[in-house]
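Please read the structure below before turning to the comments.
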Amino acid sequence: IMKKILKGIGLVLSGMLIILLILAGVTGIQGYQQYQQVIQQEPIEQKVSQIQEDENYTEIEEISEHFKQALIAVEDHRFYTHSGFDVLTTTRVMFENLFHMSLDAGGSTITQQLARNFYFTQDKLFTRKVAELFVAFDIEEQYSKNEILELYMNIIYFGNNCYGIKEAAEFYYNKQPSELTLEESTYLAGLPQAPSVYSQDDVKGQQRQKQVTDAMVKYHYLTQEEADEITG
């Protein structure tokens, strides 16, 4: 009887694996087709030119080092070493999402988020994630890490109708991006994850700021004492 049970379980698991492989193949094909479609409609170079032509576009040298470090620490701490996606984070998130049958867990790199902002909606679809990844690879091939980071900082949303670090620095602190202090930088770096929430709720905004400072400590941008001075 036990052998029959084990055989039955084996058959079920094998069937599930086959189904998952088929679904993965179909999703991959559909994601690649979506990627090809958006690239053909509007090449990446054209998207980049449009962003750089904005009057508020700010070059990376004109942005506070505090903000750059805070953003990388909390959003994508392996940004300068990966090639468009973070293998370790992506693997962990993939298993979390498969377990819950959703895409609720994040894990997108800065490059993937840039790709999403270029072409895609925020809809949590597997095909969109695949298409986004193909675009991210293209971006990594065509632009340097600093160019990618610069573009990202100029298009992310900070709440209160502020797009890009220049609008955010001016709105929240009446400053230029180069003038942002460490405390101001850690607050702003936390907003893009959920701007409509953190920018409107002081308590949640402060909680998110602590997540940023904790990340900066973890990845050696700050000491614990420096972080405590910001968040108490």
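Within each chain, counting starts at residue 1; across the structure tokens, chains are named A, B, ... in the order shown, with ligands numbered 1 upward in that order.
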
Can you tell me, as a PyMOL selection string, what residues are no more than 8 Å from region 59-76 of chain A when counting only C-alpha atoms, ignoring any on the same chain fewer than 5 positions away?
chain A and resi 108-110+146-147+149-150+177-182+185-186+188-190+211-213+215-216+219+221

If we count only C-alpha atoms, what is near region 115-122 of chain A at a cut-off of 6 Å, once residues fewer than 4 positions away on the same chain are taken out, given as JSON, numbers by chain?
{"A": [132, 135, 136]}

Distance in Å - CA of Thr127 (chain A) versus CA of Thr81 (chain A)
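Computing it gives 25.7 Å between the two atoms.
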
Near Gly232 (chain A), counting only C-alpha atoms, which residues have an atom at most 12 Å away, once you skip same-chain residues fewer than 6 positions from it, shown as a PyMOL selection string?
chain A and resi 183+206-207+209-210+213-214+224-226

Same residues, C-alpha atoms, output as a PDB file, in the first residue's frame:
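Result file is out-v2.pdb:
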ATOM      1  CA  GLU A 183      18.484  62.981   7.043  1.00  0.00           C
ATOM      2  CA  GLN A 206       9.386  57.709   9.555  1.00  0.00           C
ATOM      3  CA  GLN A 207       9.128  53.925   9.754  1.00  0.00           C
ATOM      4  CA  GLN A 209      13.039  56.119   6.765  1.00  0.00           C
ATOM      5  CA  LYS A 210      14.291  53.777   9.482  1.00  0.00           C
ATOM      6  CA  THR A 213      18.935  53.858   7.533  1.00  0.00           C
ATOM      7  CA  ASP A 214      18.967  50.211   8.645  1.00  0.00           C
ATOM      8  CA  GLN A 224      24.745  52.498  13.773  1.00  0.00           C
ATOM      9  CA  GLU A 225      25.470  55.676  15.723  1.00  0.00           C
ATOM     10  CA  GLU A 226      24.965  57.829  12.601  1.00  0.00           C
TER      11      GLU A 226
END

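Distances here use only C-alpha atoms; by that measure, the residue among A:Ile44, A:Ala168, A:Cys162, A:Ile230 closest to Gln142 (chain A) is A:Ile44.
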
Which residues are close to region 154-156 of chain A, i.e. within 7 Å by only C-alpha atoms, leaving aside same-chain residues fewer than 5 positions away? Reply as number ranges by chain.
A: 57-58, 163-165, 192

Write the selection just made, keeping N, CA, C and O atoms, as a PDB file, in the first residue's frame?
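Listed below is the output, selection_26.pdb:
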ATOM      1  N   TYR A  57      15.666  67.750 -15.536  1.00  0.00           N
ATOM      2  CA  TYR A  57      16.624  66.644 -15.550  1.00  0.00           C
ATOM      3  C   TYR A  57      17.907  67.068 -14.840  1.00  0.00           C
ATOM      4  O   TYR A  57      18.456  68.144 -15.082  1.00  0.00           O
ATOM      5  N   THR A  58      18.376  66.201 -13.938  1.00  0.00           N
ATOM      6  CA  THR A  58      19.543  66.510 -13.115  1.00  0.00           C
ATOM      7  C   THR A  58      20.610  65.450 -13.305  1.00  0.00           C
ATOM      8  O   THR A  58      20.338  64.255 -13.152  1.00  0.00           O
ATOM      9  N   TYR A 163       7.923  64.140  -9.688  1.00  0.00           N
ATOM     10  CA  TYR A 163       8.617  63.121 -10.466  1.00  0.00           C
ATOM     11  C   TYR A 163      10.088  63.525 -10.600  1.00  0.00           C
ATOM     12  O   TYR A 163      10.396  64.599 -11.100  1.00  0.00           O
ATOM     13  N   GLY A 164      10.965  62.670 -10.145  1.00  0.00           N
ATOM     14  CA  GLY A 164      12.386  62.967 -10.223  1.00  0.00           C
ATOM     15  C   GLY A 164      12.893  63.669  -8.978  1.00  0.00           C
ATOM     16  O   GLY A 164      12.152  64.344  -8.252  1.00  0.00           O
ATOM     17  N   ILE A 165      14.178  63.517  -8.729  1.00  0.00           N
ATOM     18  CA  ILE A 165      14.776  64.022  -7.505  1.00  0.00           C
ATOM     19  C   ILE A 165      14.765  65.547  -7.425  1.00  0.00           C
ATOM     20  O   ILE A 165      14.663  66.105  -6.321  1.00  0.00           O
ATOM     21  N   PRO A 192       9.766  56.272  -2.829  1.00  0.00           N
ATOM     22  CA  PRO A 192       9.326  55.628  -4.072  1.00  0.00           C
ATOM     23  C   PRO A 192       8.660  54.267  -3.905  1.00  0.00           C
ATOM     24  O   PRO A 192       7.884  53.859  -4.765  1.00  0.00           O
TER      25      PRO A 192
END

Which is closest to Glu53 (chain A) among A:Ser83, A:Tyr198, A:Leu151, A:Lys129, if we use only C-alpha atoms?
A:Leu151

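If you look at CA of Arg208 (chain A) and CA of Leu191 (chain A), they are 7.7 Å away from each other.
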
Between A:Tyr143, A:Tyr32, A:Phe85, A:Tyr187, smallest distance to Phe158 (chain A) by only C-alpha atoms belongs to A:Tyr187

Atomic separation - CA of Val130 (chain A) relative to CA of Gly28 (chain A), Å
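Atom-to-atom, CA of Gly28 (chain A) and CA of Val130 (chain A) are spaced 6.3 Å apart.
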